[in-house]
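Working notes for the structure below.
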Amino acid sequence: MPLVRYRKVVILGYRSVGKTSLAHQFVEGEFLEGYDPTVENTYSKIVTLGKDEFHLQLVDTAGQDEYSILPYSFIIGVHGYVLVYSVTSLHSFQVIESLYQKLHEGHGKTRLPVVLVGNKADLSPDREVQAVEGKKLAESWGATFMESSARENQLTQGIFIKIIHEIARVENSYGQE
Ligand code: GDP
């Protein structure tokens, strides 16, 4: 019998970094030109990995900044996080550091399943954040790092597969304690 599991994943980051574009690419398989700021939107997709079926609920949020207070609905009942910055915006990277601290505190400083994403990698000439900086930050959390391009559909599937694996990895590490 295949296992069926429900996973709720919240996508967080500064405004205009590509959160909606990544979710849309993953679920609908297309890139949306133009910027329509998200209030909050939920996507659902069934992902089959090996014999297991994951009912993934993706919450695409309005952009946050360093002053945002994260609502309980972003903490309670959430299995994992995709934290997105744009490689063309140092500020969006700095916002991620403060968001992570808030999540970490909100979860009682337990280890969190996180995939850190540097999006807009296709705009590399305008880069303000080097890949090595993203990698270093993710490593300091024990999390995974990826660069992506929602525009070129580069690694967009990989991000959401990876967070499902990360959730399992963190769950298993607690199971073994
Ligand atoms: P959100 O506010 O974080 O949800 O950002 P959006 O997904 O709405 O994207 C903001 C803007 O950046 C839009 O104009 C998108 O078309 C554009 N965008 C998003 N992802 C990429 C990407 O990977 N590369 C490029 N070049 N533009 C992107």
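Ligands are numbered from 1 in the order shown, residues from 1 within each chain, and chains are lettered A, B, ... in the order they appear in the structure tokens.
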query: Per DSSP on the backbone, what are the strand (DSSP E) residues of chain A, as number ranges by chain?
result: A: 4-13, 40-49, 52-61, 80-86, 114-119, 144-147
Take the residues that were just selected and, keeping N, CA and C atoms, output them as a compact mmCIF listing (two decimals), in the first residue's frame.
```txt
# COMPACT_ATOMS: atom_id res chain seq x y z
N VAL A 4 0.15 7.75 2.02
CA VAL A 4 -0.36 9.05 1.61
C VAL A 4 -0.11 10.02 2.76
N ARG A 5 0.60 11.08 2.48
CA ARG A 5 0.90 12.03 3.54
C ARG A 5 0.51 13.43 3.11
N TYR A 6 0.09 14.20 4.12
CA TYR A 6 -0.31 15.58 3.89
C TYR A 6 0.84 16.49 4.34
N ARG A 7 1.23 17.42 3.50
CA ARG A 7 2.33 18.35 3.84
C ARG A 7 1.92 19.78 3.58
N LYS A 8 2.09 20.61 4.60
CA LYS A 8 1.80 22.04 4.40
C LYS A 8 3.13 22.80 4.40
N VAL A 9 3.35 23.52 3.32
CA VAL A 9 4.62 24.25 3.14
C VAL A 9 4.30 25.72 2.89
N VAL A 10 4.98 26.59 3.61
CA VAL A 10 4.76 28.03 3.45
C VAL A 10 5.96 28.65 2.72
N ILE A 11 5.66 29.47 1.72
CA ILE A 11 6.72 30.15 0.96
C ILE A 11 6.82 31.59 1.49
N LEU A 12 7.99 31.93 1.98
CA LEU A 12 8.17 33.25 2.59
C LEU A 12 9.33 33.99 1.93
N GLY A 13 9.28 35.31 2.01
CA GLY A 13 10.37 36.14 1.50
C GLY A 13 9.88 37.55 1.24
N GLU A 40 -2.57 36.41 -0.33
CA GLU A 40 -2.21 35.07 0.13
C GLU A 40 -2.98 34.09 -0.73
N ASN A 41 -2.32 33.03 -1.13
CA ASN A 41 -2.92 32.11 -2.07
C ASN A 41 -2.46 30.71 -1.71
N THR A 42 -3.34 29.74 -1.85
CA THR A 42 -2.94 28.37 -1.53
C THR A 42 -3.05 27.50 -2.78
N TYR A 43 -1.99 26.76 -3.03
CA TYR A 43 -1.97 25.83 -4.17
C TYR A 43 -1.93 24.40 -3.62
N SER A 44 -2.52 23.48 -4.36
CA SER A 44 -2.43 22.08 -3.96
C SER A 44 -1.89 21.26 -5.12
N LYS A 45 -1.06 20.29 -4.78
CA LYS A 45 -0.53 19.40 -5.83
C LYS A 45 -0.21 18.05 -5.20
N ILE A 46 -0.51 17.00 -5.91
CA ILE A 46 -0.15 15.67 -5.43
C ILE A 46 1.19 15.31 -6.06
N VAL A 47 2.14 14.95 -5.21
CA VAL A 47 3.48 14.61 -5.68
C VAL A 47 3.75 13.16 -5.31
N THR A 48 4.14 12.36 -6.31
CA THR A 48 4.45 10.96 -6.03
C THR A 48 5.96 10.78 -6.03
N LEU A 49 6.47 10.29 -4.93
CA LEU A 49 7.91 10.03 -4.83
C LEU A 49 8.09 8.56 -4.46
N ASP A 52 5.40 6.55 -2.36
CA ASP A 52 4.63 7.42 -1.47
C ASP A 52 3.97 8.57 -2.22
N GLU A 53 2.79 8.93 -1.73
CA GLU A 53 2.05 10.04 -2.33
C GLU A 53 1.95 11.18 -1.32
N PHE A 54 2.34 12.38 -1.75
CA PHE A 54 2.31 13.53 -0.87
C PHE A 54 1.28 14.53 -1.37
N HIS A 55 0.35 14.87 -0.49
CA HIS A 55 -0.63 15.91 -0.81
C HIS A 55 -0.04 17.21 -0.30
N LEU A 56 0.52 17.96 -1.23
CA LEU A 56 1.26 19.17 -0.86
C LEU A 56 0.34 20.38 -0.93
N GLN A 57 0.27 21.08 0.19
CA GLN A 57 -0.47 22.34 0.21
C GLN A 57 0.56 23.45 0.32
N LEU A 58 0.62 24.30 -0.70
CA LEU A 58 1.62 25.38 -0.73
C LEU A 58 0.95 26.70 -0.43
N VAL A 59 1.43 27.39 0.59
CA VAL A 59 0.86 28.71 0.92
C VAL A 59 1.81 29.78 0.40
N ASP A 60 1.32 30.52 -0.60
CA ASP A 60 2.09 31.62 -1.18
C ASP A 60 1.66 32.88 -0.45
N THR A 61 2.61 33.56 0.17
CA THR A 61 2.27 34.65 1.09
C THR A 61 2.55 36.02 0.47
N GLY A 80 7.01 22.61 6.66
CA GLY A 80 8.29 23.08 6.14
C GLY A 80 8.17 24.43 5.45
N TYR A 81 9.33 25.01 5.15
CA TYR A 81 9.37 26.35 4.57
C TYR A 81 10.26 26.42 3.34
N VAL A 82 9.80 27.18 2.36
CA VAL A 82 10.66 27.57 1.25
C VAL A 82 10.90 29.07 1.44
N LEU A 83 12.14 29.43 1.74
CA LEU A 83 12.49 30.84 1.97
C LEU A 83 13.16 31.35 0.70
N VAL A 84 12.58 32.40 0.13
CA VAL A 84 13.03 32.87 -1.19
C VAL A 84 13.58 34.29 -1.11
N TYR A 85 14.77 34.48 -1.68
CA TYR A 85 15.26 35.83 -1.93
C TYR A 85 15.60 35.92 -3.42
N SER A 86 15.89 37.14 -3.87
CA SER A 86 16.32 37.30 -5.25
C SER A 86 17.83 37.53 -5.26
N VAL A 114 13.82 23.41 5.95
CA VAL A 114 13.87 24.64 5.15
C VAL A 114 14.64 24.39 3.86
N VAL A 115 14.13 24.94 2.77
CA VAL A 115 14.94 25.06 1.55
C VAL A 115 15.10 26.56 1.30
N LEU A 116 16.35 27.00 1.25
CA LEU A 116 16.65 28.39 0.97
C LEU A 116 16.86 28.53 -0.54
N VAL A 117 16.14 29.48 -1.15
CA VAL A 117 16.18 29.61 -2.61
C VAL A 117 16.64 31.01 -3.01
N GLY A 118 17.70 31.06 -3.81
CA GLY A 118 18.12 32.31 -4.45
C GLY A 118 17.51 32.31 -5.84
N ASN A 119 16.43 33.07 -6.02
CA ASN A 119 15.72 33.05 -7.32
C ASN A 119 16.27 34.15 -8.25
N THR A 144 18.97 23.18 3.20
CA THR A 144 19.41 23.00 1.81
C THR A 144 19.33 24.33 1.07
N PHE A 145 20.26 24.53 0.15
CA PHE A 145 20.29 25.75 -0.65
C PHE A 145 20.19 25.42 -2.13
N MET A 146 19.43 26.25 -2.85
CA MET A 146 19.36 26.10 -4.30
C MET A 146 19.23 27.46 -4.95
N GLU A 147 19.80 27.62 -6.11
CA GLU A 147 19.48 28.81 -6.92
C GLU A 147 18.51 28.37 -8.01
```
Using only C-alpha atoms and all ligand atoms, what does the table of chain A residues within 9 Å of ligand 1 look like, with each row giving the shortest atom pair and its distance in Å to one decimal, sorted by chain and ascending number, as CSV?
```
residue,atom,partner,partner_atom_place_in_ligand_line,distance
A:Ile11,CA,ligand 1,3 (O),9.0
A:Leu12,CA,ligand 1,3 (O),8.1
A:Gly13,CA,ligand 1,3 (O),6.6
A:Tyr14,CA,ligand 1,3 (O),6.4
A:Arg15,CA,ligand 1,2 (O),4.2
A:Ser16,CA,ligand 1,2 (O),3.3
A:Val17,CA,ligand 1,3 (O),3.9
A:Gly18,CA,ligand 1,7 (O),3.3
A:Lys19,CA,ligand 1,3 (O),3.8
A:Thr20,CA,ligand 1,4 (O),3.7
A:Ser21,CA,ligand 1,7 (O),3.6
A:Leu22,CA,ligand 1,7 (O),6.5
A:Ala23,CA,ligand 1,7 (O),8.0
A:His24,CA,ligand 1,7 (O),8.1
A:Phe31,CA,ligand 1,16 (O),7.2
A:Leu32,CA,ligand 1,16 (O),5.7
A:Glu33,CA,ligand 1,16 (O),4.2
A:Gly34,CA,ligand 1,14 (O),4.2
A:Tyr35,CA,ligand 1,14 (O),4.2
A:Asp36,CA,ligand 1,8 (O),5.5
A:Pro37,CA,ligand 1,2 (O),5.3
A:Thr38,CA,ligand 1,4 (O),6.0
A:Asp60,CA,ligand 1,4 (O),7.3
A:Thr61,CA,ligand 1,4 (O),7.4
A:Ala62,CA,ligand 1,2 (O),6.8
A:Gly63,CA,ligand 1,2 (O),5.9
A:Val84,CA,ligand 1,3 (O),7.7
A:Tyr85,CA,ligand 1,3 (O),8.1
A:Ser86,CA,ligand 1,23 (O),8.1
A:Asn119,CA,ligand 1,23 (O),5.3
A:Lys120,CA,ligand 1,23 (O),3.5
A:Ala121,CA,ligand 1,23 (O),6.2
A:Asp122,CA,ligand 1,24 (N),5.7
A:Leu123,CA,ligand 1,26 (N),5.7
A:Ser148,CA,ligand 1,23 (O),6.5
A:Ser149,CA,ligand 1,23 (O),3.4
A:Ala150,CA,ligand 1,23 (O),3.7
A:Arg151,CA,ligand 1,22 (C),4.3
A:Glu152,CA,ligand 1,23 (O),6.7
A:Asn153,CA,ligand 1,23 (O),7.7
A:Gln154,CA,ligand 1,23 (O),8.1
```
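Remark: for A:Ser173, the closest of the candidate residues A:Lys102, A:Arg127, A:Arg111, A:His79 is A:Arg111 (distances computed over only C-alpha atoms).
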query: Quick one: residues within 12 Å of A:Gln94, only C-alpha atoms counted, chain neighbours fewer than 3 positions away excluded, as number ranges by chain?
result: A: 13-14, 64-67, 83-87, 89-91, 97-101, 128-129, 133-134, 137
